[in-house]
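Just model-v6.cif here, mmCIF, C-alpha atoms:
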```
data_upload
#
loop_
_atom_site.label_atom_id
_atom_site.label_comp_id
_atom_site.auth_asym_id
_atom_site.auth_seq_id
_atom_site.Cartn_x
_atom_site.Cartn_y
_atom_site.Cartn_z
CA MET Z 1 177.03 63.49 106.78
CA ASN Z 2 175.24 63.99 103.48
CA ALA Z 3 176.89 62.20 100.54
CA LEU Z 4 175.64 62.94 97.02
CA ARG Z 5 175.21 60.20 94.42
CA LYS Z 6 174.70 61.86 91.03
CA SER Z 7 172.52 60.27 88.38
CA ASN Z 8 175.29 60.34 85.76
CA GLU Z 9 177.63 58.45 88.10
CA ARG Z 10 175.40 55.37 88.08
CA GLY Z 11 176.12 52.30 86.02
CA PHE Z 12 174.26 52.00 82.73
CA ALA Z 13 173.35 49.05 80.50
CA ASP Z 14 171.70 49.29 77.08
CA HIS Z 15 170.33 45.95 75.87
CA GLY Z 16 168.18 47.48 73.15
CA TRP Z 17 164.85 46.36 74.62
CA LEU Z 18 166.05 47.35 78.11
CA LYS Z 19 167.82 50.50 79.27
CA SER Z 20 168.86 50.29 82.90
CA PHE Z 21 170.63 52.61 85.34
CA HIS Z 22 172.23 50.92 88.37
CA THR Z 23 172.60 52.93 91.59
CA PHE Z 24 174.66 50.14 93.14
CA SER Z 25 176.88 47.42 91.70
CA PHE Z 26 174.78 45.08 89.61
CA ALA Z 27 175.45 42.48 86.89
CA SER Z 28 178.43 43.69 84.82
CA TYR Z 29 178.57 47.05 86.60
CA TYR Z 30 180.98 46.89 89.53
CA ASP Z 31 181.79 49.81 91.82
CA PRO Z 32 183.43 48.83 95.12
CA LYS Z 33 182.42 52.19 96.63
CA ASN Z 34 178.75 51.57 95.85
CA MET Z 35 177.91 47.98 96.77
CA GLY Z 36 174.77 49.01 98.64
CA TYR Z 37 173.76 51.08 101.65
CA GLY Z 38 173.04 49.07 104.75
CA PRO Z 39 170.52 46.37 103.73
CA LEU Z 40 169.57 48.36 100.60
CA ARG Z 41 171.31 46.44 97.83
CA VAL Z 42 169.77 47.46 94.46
CA ILE Z 43 167.96 50.41 92.92
CA ASN Z 44 167.67 49.84 89.19
CA GLU Z 45 165.85 52.38 87.04
CA ASP Z 46 164.57 50.31 84.11
CA ARG Z 47 162.88 51.24 80.85
CA VAL Z 48 161.48 48.28 78.91
CA ALA Z 49 160.38 48.52 75.28
CA PRO Z 50 156.81 47.59 74.21
CA GLY Z 51 156.17 43.85 74.20
CA GLU Z 52 159.54 43.03 75.77
CA GLY Z 53 160.64 41.93 79.21
CA PHE Z 54 162.55 39.64 81.52
CA GLY Z 55 161.86 35.94 80.92
CA LYS Z 56 161.63 33.42 83.75
CA HIS Z 57 164.59 33.74 86.10
CA PRO Z 58 165.27 32.70 89.71
CA HIS Z 59 165.77 34.66 92.93
CA ARG Z 60 166.37 33.63 96.50
CA ASP Z 61 166.87 35.32 99.89
CA MET Z 62 165.98 38.84 98.75
CA GLU Z 63 163.13 41.31 99.31
CA ILE Z 64 162.25 42.67 95.85
CA ILE Z 65 160.08 45.77 95.43
CA SER Z 66 158.79 47.01 92.06
CA TYR Z 67 157.64 50.63 91.76
CA VAL Z 68 156.16 51.64 88.39
CA LEU Z 69 156.51 55.26 87.30
CA ASP Z 70 154.93 55.06 83.82
CA GLY Z 71 153.29 52.28 81.83
CA GLU Z 72 152.45 48.74 82.95
CA LEU Z 73 154.49 45.76 84.10
CA GLU Z 74 153.10 42.22 84.00
CA HIS Z 75 154.34 39.87 86.72
CA LYS Z 76 154.08 36.06 86.86
CA ASP Z 77 155.82 33.77 89.33
CA SER Z 78 156.19 30.17 90.46
CA MET Z 79 153.92 30.84 93.46
CA GLY Z 80 151.03 31.13 91.00
CA THR Z 81 150.80 34.90 91.33
CA GLY Z 82 150.04 36.98 88.27
CA SER Z 83 149.29 40.70 88.15
CA ILE Z 84 149.67 43.95 86.25
CA ILE Z 85 151.60 46.64 88.14
CA ARG Z 86 150.71 50.25 87.32
CA PRO Z 87 151.76 53.68 88.64
CA GLY Z 88 150.86 53.87 92.32
CA ASP Z 89 151.21 50.13 92.85
CA VAL Z 90 153.91 48.73 95.11
CA GLN Z 91 154.74 45.07 94.64
CA ARG Z 92 156.79 43.14 97.19
CA MET Z 93 158.13 39.67 96.50
CA SER Z 94 160.07 37.81 99.17
CA ALA Z 95 162.22 35.30 97.30
CA GLY Z 96 163.19 33.33 100.42
CA THR Z 97 164.04 29.69 99.69
CA GLY Z 98 163.64 30.33 95.98
CA VAL Z 99 161.18 31.60 93.40
CA THR Z 100 161.16 32.08 89.64
CA HIS Z 101 159.32 34.95 87.98
CA SER Z 102 158.99 36.92 84.77
CA GLU Z 103 158.34 40.61 84.16
CA TYR Z 104 157.00 41.84 80.83
CA ASN Z 105 155.70 45.00 79.30
CA PRO Z 106 152.27 43.92 78.03
CA SER Z 107 151.72 47.04 75.90
CA PRO Z 108 152.33 46.70 72.14
CA LYS Z 109 153.09 50.42 71.79
CA ASN Z 110 154.04 52.03 75.12
CA GLY Z 111 157.23 51.59 77.14
CA VAL Z 112 157.28 50.92 80.87
CA HIS Z 113 159.47 52.87 83.29
CA PHE Z 114 159.95 51.42 86.76
CA LEU Z 115 162.28 51.06 89.72
CA GLN Z 116 163.36 47.65 90.92
CA ILE Z 117 164.56 47.71 94.52
CA TRP Z 118 166.31 44.89 96.39
CA ILE Z 119 166.60 44.78 100.17
CA GLU Z 120 168.56 42.04 101.91
CA PRO Z 121 166.33 40.16 104.42
CA GLU Z 122 167.08 39.77 108.13
CA SER Z 123 166.88 35.99 107.82
CA THR Z 124 167.52 33.61 104.94
CA GLY Z 125 165.47 30.57 104.00
CA ILE Z 126 162.03 32.06 104.64
CA LYS Z 127 158.94 30.92 102.74
CA PRO Z 128 158.49 32.87 99.47
CA SER Z 129 155.58 35.32 99.47
CA TYR Z 130 154.02 38.10 97.41
CA GLU Z 131 152.10 41.29 98.15
CA GLN Z 132 150.81 44.21 96.09
CA LYS Z 133 149.07 47.41 97.23
CA PHE Z 134 148.01 50.68 95.63
CA PHE Z 135 148.90 54.12 97.02
CA GLY Z 136 147.11 56.99 95.31
CA PRO Z 137 148.82 60.33 94.58
CA GLU Z 138 146.70 62.07 97.22
CA GLU Z 139 148.40 59.89 99.87
CA LYS Z 140 151.84 61.18 98.81
CA ARG Z 141 151.06 64.79 97.91
CA GLY Z 142 153.12 67.02 100.21
CA LYS Z 143 153.73 64.23 102.71
CA LEU Z 144 155.70 61.04 103.19
CA ARG Z 145 153.57 57.93 102.73
CA LEU Z 146 154.86 54.70 104.25
CA LEU Z 147 154.97 52.07 101.49
CA ALA Z 148 156.96 49.23 103.08
CA SER Z 149 157.85 48.34 106.66
CA PRO Z 150 158.79 45.29 108.76
CA ASP Z 151 155.40 45.22 110.48
CA GLY Z 152 153.12 46.25 107.60
CA ARG Z 153 151.78 49.17 109.60
CA ASP Z 154 149.55 51.88 108.14
CA GLY Z 155 148.63 49.63 105.25
CA SER Z 156 152.19 49.27 103.95
CA VAL Z 157 153.56 46.11 102.38
CA THR Z 158 155.69 43.95 104.68
CA VAL Z 159 159.43 43.48 104.17
CA HIS Z 160 161.49 41.00 106.18
CA GLN Z 161 164.06 43.57 107.26
CA ASP Z 162 164.28 46.51 109.67
CA ALA Z 163 163.78 48.96 106.80
CA GLN Z 164 161.09 51.45 105.92
CA LEU Z 165 160.32 52.89 102.49
CA TYR Z 166 158.40 56.14 102.03
CA ALA Z 167 157.31 58.10 98.95
CA ALA Z 168 156.37 61.75 98.57
CA LEU Z 169 155.22 64.06 95.79
CA ILE Z 170 156.75 67.50 96.35
CA ASP Z 171 156.07 70.64 94.32
CA GLY Z 172 156.38 74.37 94.95
CA ALA Z 173 156.11 75.36 98.61
CA GLU Z 174 155.43 71.81 99.84
CA GLN Z 175 157.90 70.57 102.45
CA VAL Z 176 158.28 67.35 104.42
CA THR Z 177 160.57 66.47 107.31
CA HIS Z 178 161.54 62.95 108.38
CA GLN Z 179 163.14 62.38 111.78
CA ILE Z 180 166.00 59.89 111.90
CA GLU Z 181 166.33 57.94 115.11
CA GLU Z 182 169.75 57.48 116.68
CA GLY Z 183 171.63 54.58 115.12
CA ARG Z 184 169.70 54.77 111.85
CA ARG Z 185 170.39 56.37 108.48
CA ALA Z 186 168.46 57.38 105.39
CA TYR Z 187 168.80 57.12 101.64
CA VAL Z 188 166.84 59.54 99.47
CA HIS Z 189 166.35 58.73 95.77
CA ILE Z 190 164.76 61.17 93.33
CA ALA Z 191 162.55 59.15 90.99
CA ARG Z 192 161.71 62.19 88.86
CA GLY Z 193 161.59 65.97 88.93
CA ALA Z 194 163.86 68.16 91.06
CA VAL Z 195 163.94 68.93 94.78
CA THR Z 196 166.19 70.14 97.58
CA VAL Z 197 167.14 67.64 100.30
CA ASN Z 198 168.96 68.94 103.40
CA GLY Z 199 169.98 71.99 101.40
CA GLN Z 200 171.32 69.93 98.48
CA ALA Z 201 169.71 70.44 95.06
CA LEU Z 202 168.89 67.09 93.44
CA GLY Z 203 167.46 66.11 90.08
CA SER Z 204 165.95 62.97 88.59
CA GLY Z 205 168.09 59.91 89.32
CA ASP Z 206 170.18 61.69 91.96
CA ALA Z 207 170.36 60.40 95.52
CA LEU Z 208 171.61 61.48 98.93
CA LYS Z 209 173.08 59.27 101.63
CA VAL Z 210 172.18 60.71 105.04
CA ASP Z 211 174.15 59.34 107.99
CA GLY Z 212 174.74 60.87 111.43
CA GLU Z 213 171.99 63.45 110.91
CA LYS Z 214 168.81 63.93 112.95
CA GLN Z 215 166.43 64.62 110.09
CA VAL Z 216 165.80 64.78 106.36
CA VAL Z 217 164.15 67.94 105.01
CA ILE Z 218 162.70 67.72 101.49
CA GLU Z 219 161.54 71.00 99.93
CA LYS Z 220 161.55 73.33 96.89
CA GLY Z 221 160.20 70.64 94.60
CA ASP Z 222 159.59 70.89 90.90
CA ASN Z 223 157.13 68.06 90.17
CA ALA Z 224 159.33 65.76 92.26
CA GLU Z 225 158.62 62.15 93.17
CA VAL Z 226 160.90 61.09 96.01
CA LEU Z 227 161.65 57.77 97.70
CA LEU Z 228 163.09 57.78 101.20
CA PHE Z 229 164.59 54.68 102.84
CA ASP Z 230 164.95 54.65 106.64
CA LEU Z 231 167.54 51.94 107.38
CA ASN Z 232 169.22 50.23 110.31
#
```

Write out the structure in this file as structure tokens.
Amino acid sequence: MNALRKSNERGFADHGWLKSFHTFSFASYYDPKNMGYGPLRVINEDRVAPGEGFGKHPHRDMEIISYVLDGELEHKDSMGTGSIIRPGDVQRMSAGTGVTHSEYNPSPKNGVHFLQIWIEPESTGIKPSYEQKFFGPEEKRGKLRLLASPDGRDGSVTVHQDAQLYAALIDGAEQVTHQIEEGRRAYVHIARGAVTVNGQALGSGDALKVDGEKQVVIEKGDNAEVLLFDLN
């Protein structure tokens, strides 16, 4: 089964300094048909104005991944971690027993465009932790690069859930195929550009739920940046 989730069907919030599309129910956006997909709970596409951001706020018992598409995002948290996240960086924060953090756009003139992803952990009450790694475009060009996994293999960041996150850059004749093991499913989100997934044409912000299939075939890209979640 391939179920399409169109970009214009997502929730949307305009706070002036923040414009945010919600793939799944989030904050004031409630859609009982889209509460998540397996342990994947949130994909928010956020655009933050220059010099603005999210002040200190708490999280607990959630795996939070930030993926910057354009601009810079400054992160500070109660674990003493501080960093600037740029395109190619993948930041993972395990909130566990509780953590507070802030996220700001440090640029006085340029906006920041990023995806915030939440994955529910296998176990609650773990010790909070933080990790950030860089994956260059050459690692994703015409192939799926593992970004996050439960065992941190192949240099990926570690998430406390049986979930894997991949990214690929697909253009022209480039094609990638991902095999889905029995009992698992996939979620494909188009971060930008256009591409065909299992014969379905998708554009920026679109997504495809893949369940009961043996593989995901991504092809016919037009400057596409694609995220693929392999989920239990």

*Which is closest to Asp171 (chain Z) among Z:Thr81, Z:Gln200, Z:Asn34, Z:Asn223, if we use only C-alpha atoms?*
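Among the listed residues, Z:Asn223 lies closest to Asp171 (chain Z).
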
*Starting from the displayed file, determine the output of the PyMOL selection byres ((chain Z and resi 113-128) around 9) and express the residue list as number ranges by chain.*
Z: 38-48, 60-73, 79, 87, 93-99, 111-112, 129-130, 159-163, 191

*Can you pull out every residue within 10 Å of Arg10 (chain Z), counting only C-alpha atoms, but drop anything in the same chain fewer than 4 positions away, and send it as a list of chain:residue names?*
Z:Arg5, Z:Lys6, Z:Ser20, Z:Phe21, Z:His22, Z:Thr23, Z:Phe24, Z:Ser25, Z:Tyr29, Z:Asp31, Z:Asn34, Z:Asn44, Z:Gly205, Z:Asp206

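Counting only C-alpha atoms and comparing Z:Val197, Z:Ile180, Z:Ala186, Z:Ile170, the residue that lies closest to Arg145 (chain Z) is Z:Ile170.
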
Result set, the PyMOL selection byres ((chain Z and resi 107) around 8) on current file, as a CSV table (one decimal) with C-alpha atoms, in the coordinates of the input:
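Writing done, so here's result.csv:
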```
chain,number,residue,atom,x,y,z
Z,50,PRO,CA,156.8,47.6,74.2
Z,51,GLY,CA,156.2,43.8,74.2
Z,72,GLU,CA,152.4,48.7,83.0
Z,105,ASN,CA,155.7,45.0,79.3
Z,106,PRO,CA,152.3,43.9,78.0
Z,108,PRO,CA,152.3,46.7,72.1
Z,109,LYS,CA,153.1,50.4,71.8
Z,110,ASN,CA,154.0,52.0,75.1
Z,111,GLY,CA,157.2,51.6,77.1
```

_Result set of the PyMOL selection byres ((chain Z and resi 210) around 7) on the coordinates above, as a ChimeraX atom specification_ = /Z:1-3,185-187,208-209,211-213

*Would you please work out which residue, of Z:Gly136, Z:Gly199, Z:Pro150, Z:Gly221, is nearest to Glu174 (chain Z) when using only C-alpha atoms?*
Z:Gly221

_Coordinates-based distance that separates CA of Val157 (chain Z) from CA of His75 (chain Z) (Å, one decimal)_ = 16.9 Å

_Separation of CA of His189 (chain Z) from CA of Phe229 (chain Z), in Å and rounded to one decimal_ =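 Taking CA of His189 (chain Z) and CA of Phe229 (chain Z), their separation equals 8.3 Å.
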
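Atom pair CA of Leu4 (chain Z) / CA of Val217 (chain Z) has a distance of 14.9 Å (rounded to one decimal).
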
_Top pick for closest residue to Leu18 (chain Z), considering Z:Ile85, Z:Glu103, Z:Arg92, Z:Asp230 and counting only C-alpha atoms_ =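 Looking only at the distances to Leu18 (chain Z), the closest residue turns out to be Z:Glu103.
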
*asked:* I'd like to know which of Z:His178, Z:Lys214, Z:Lys220, Z:His101 is closest to Leu146 (chain Z), using only C-alpha atoms.
replied: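 When distances to Leu146 (chain Z) are compared using only C-alpha atoms, the smallest one comes from Z:His178.
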
Output region 111-134 of chain Z as a JSON list (two decimals), keeping the file's coordinate frame, making sure N, CA, C and O atoms are there.
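Result file selection37.json:
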```json
[["chain", "number", "residue", "atom", "x", "y", "z"],
["Z", 111, "GLY", "N", 156.18, 52.11, 76.27],
["Z", 111, "GLY", "CA", 157.23, 51.59, 77.14],
["Z", 111, "GLY", "C", 156.77, 51.57, 78.58],
["Z", 111, "GLY", "O", 155.75, 52.16, 78.94],
["Z", 112, "VAL", "N", 157.53, 50.90, 79.43],
["Z", 112, "VAL", "CA", 157.28, 50.92, 80.87],
["Z", 112, "VAL", "C", 158.55, 51.40, 81.56],
["Z", 112, "VAL", "O", 159.67, 51.02, 81.20],
["Z", 113, "HIS", "N", 158.37, 52.27, 82.53],
["Z", 113, "HIS", "CA", 159.47, 52.87, 83.29],
["Z", 113, "HIS", "C", 159.23, 52.55, 84.76],
["Z", 113, "HIS", "O", 158.20, 52.93, 85.32],
["Z", 114, "PHE", "N", 160.16, 51.83, 85.37],
["Z", 114, "PHE", "CA", 159.95, 51.42, 86.76],
["Z", 114, "PHE", "C", 161.26, 51.31, 87.52],
["Z", 114, "PHE", "O", 162.35, 51.26, 86.92],
["Z", 115, "LEU", "N", 161.14, 51.28, 88.83],
["Z", 115, "LEU", "CA", 162.28, 51.06, 89.72],
["Z", 115, "LEU", "C", 162.18, 49.66, 90.30],
["Z", 115, "LEU", "O", 161.12, 49.27, 90.79],
["Z", 116, "GLN", "N", 163.29, 48.93, 90.23],
["Z", 116, "GLN", "CA", 163.36, 47.65, 90.92],
["Z", 116, "GLN", "C", 164.32, 47.80, 92.08],
["Z", 116, "GLN", "O", 165.47, 48.22, 91.91],
["Z", 117, "ILE", "N", 163.83, 47.48, 93.28],
["Z", 117, "ILE", "CA", 164.56, 47.71, 94.52],
["Z", 117, "ILE", "C", 164.77, 46.37, 95.22],
["Z", 117, "ILE", "O", 163.82, 45.59, 95.37],
["Z", 118, "TRP", "N", 166.01, 46.10, 95.63],
["Z", 118, "TRP", "CA", 166.31, 44.89, 96.39],
["Z", 118, "TRP", "C", 166.77, 45.27, 97.79],
["Z", 118, "TRP", "O", 167.65, 46.13, 97.95],
["Z", 119, "ILE", "N", 166.20, 44.61, 98.78],
["Z", 119, "ILE", "CA", 166.60, 44.78, 100.17],
["Z", 119, "ILE", "C", 166.96, 43.41, 100.73],
["Z", 119, "ILE", "O", 166.19, 42.46, 100.60],
["Z", 120, "GLU", "N", 168.14, 43.32, 101.34],
["Z", 120, "GLU", "CA", 168.56, 42.04, 101.91],
["Z", 120, "GLU", "C", 167.70, 41.74, 103.15],
["Z", 120, "GLU", "O", 167.49, 42.61, 103.99],
["Z", 121, "PRO", "N", 167.19, 40.51, 103.28],
["Z", 121, "PRO", "CA", 166.33, 40.16, 104.42],
["Z", 121, "PRO", "C", 167.14, 39.95, 105.70],
["Z", 121, "PRO", "O", 168.35, 39.71, 105.66],
["Z", 122, "GLU", "N", 166.44, 40.03, 106.83],
["Z", 122, "GLU", "CA", 167.08, 39.77, 108.13],
["Z", 122, "GLU", "C", 167.49, 38.31, 108.25],
["Z", 122, "GLU", "O", 168.53, 37.99, 108.81],
["Z", 123, "SER", "N", 166.63, 37.42, 107.70],
["Z", 123, "SER", "CA", 166.88, 35.99, 107.82],
["Z", 123, "SER", "C", 166.76, 35.34, 106.45],
["Z", 123, "SER", "O", 165.92, 35.73, 105.63],
["Z", 124, "THR", "N", 167.59, 34.35, 106.20],
["Z", 124, "THR", "CA", 167.52, 33.61, 104.94],
["Z", 124, "THR", "C", 166.63, 32.39, 105.11],
["Z", 124, "THR", "O", 166.30, 31.97, 106.22],
["Z", 125, "GLY", "N", 166.22, 31.82, 103.99],
["Z", 125, "GLY", "CA", 165.47, 30.57, 104.00],
["Z", 125, "GLY", "C", 164.02, 30.70, 104.41],
["Z", 125, "GLY", "O", 163.41, 29.70, 104.83],
["Z", 126, "ILE", "N", 163.44, 31.91, 104.29],
["Z", 126, "ILE", "CA", 162.03, 32.06, 104.64],
["Z", 126, "ILE", "C", 161.14, 31.56, 103.48],
["Z", 126, "ILE", "O", 161.61, 31.38, 102.36],
["Z", 127, "LYS", "N", 159.88, 31.36, 103.76],
["Z", 127, "LYS", "CA", 158.94, 30.92, 102.74],
["Z", 127, "LYS", "C", 158.68, 32.07, 101.75],
["Z", 127, "LYS", "O", 158.40, 33.19, 102.17],
["Z", 128, "PRO", "N", 158.77, 31.82, 100.45],
["Z", 128, "PRO", "CA", 158.49, 32.87, 99.47],
["Z", 128, "PRO", "C", 157.07, 33.41, 99.62],
["Z", 128, "PRO", "O", 156.14, 32.67, 99.95],
["Z", 129, "SER", "N", 156.90, 34.70, 99.37],
["Z", 129, "SER", "CA", 155.58, 35.32, 99.47],
["Z", 129, "SER", "C", 155.51, 36.54, 98.56],
["Z", 129, "SER", "O", 156.53, 37.04, 98.08],
["Z", 130, "TYR", "N", 154.28, 37.01, 98.36],
["Z", 130, "TYR", "CA", 154.02, 38.10, 97.41],
["Z", 130, "TYR", "C", 152.96, 39.02, 97.98],
["Z", 130, "TYR", "O", 152.04, 38.58, 98.67],
["Z", 131, "GLU", "N", 153.08, 40.31, 97.67],
["Z", 131, "GLU", "CA", 152.10, 41.29, 98.15],
["Z", 131, "GLU", "C", 152.10, 42.48, 97.19],
["Z", 131, "GLU", "O", 153.15, 42.88, 96.67],
["Z", 132, "GLN", "N", 150.93, 43.04, 96.95],
["Z", 132, "GLN", "CA", 150.81, 44.21, 96.09],
["Z", 132, "GLN", "C", 149.72, 45.13, 96.62],
["Z", 132, "GLN", "O", 148.61, 44.68, 96.92],
["Z", 133, "LYS", "N", 150.04, 46.43, 96.75],
["Z", 133, "LYS", "CA", 149.07, 47.41, 97.23],
["Z", 133, "LYS", "C", 149.18, 48.69, 96.41],
["Z", 133, "LYS", "O", 150.23, 49.01, 95.86],
["Z", 134, "PHE", "N", 148.07, 49.43, 96.39],
["Z", 134, "PHE", "CA", 148.01, 50.68, 95.63],
["Z", 134, "PHE", "C", 148.01, 51.87, 96.59],
["Z", 134, "PHE", "O", 147.31, 51.86, 97.61]]
```
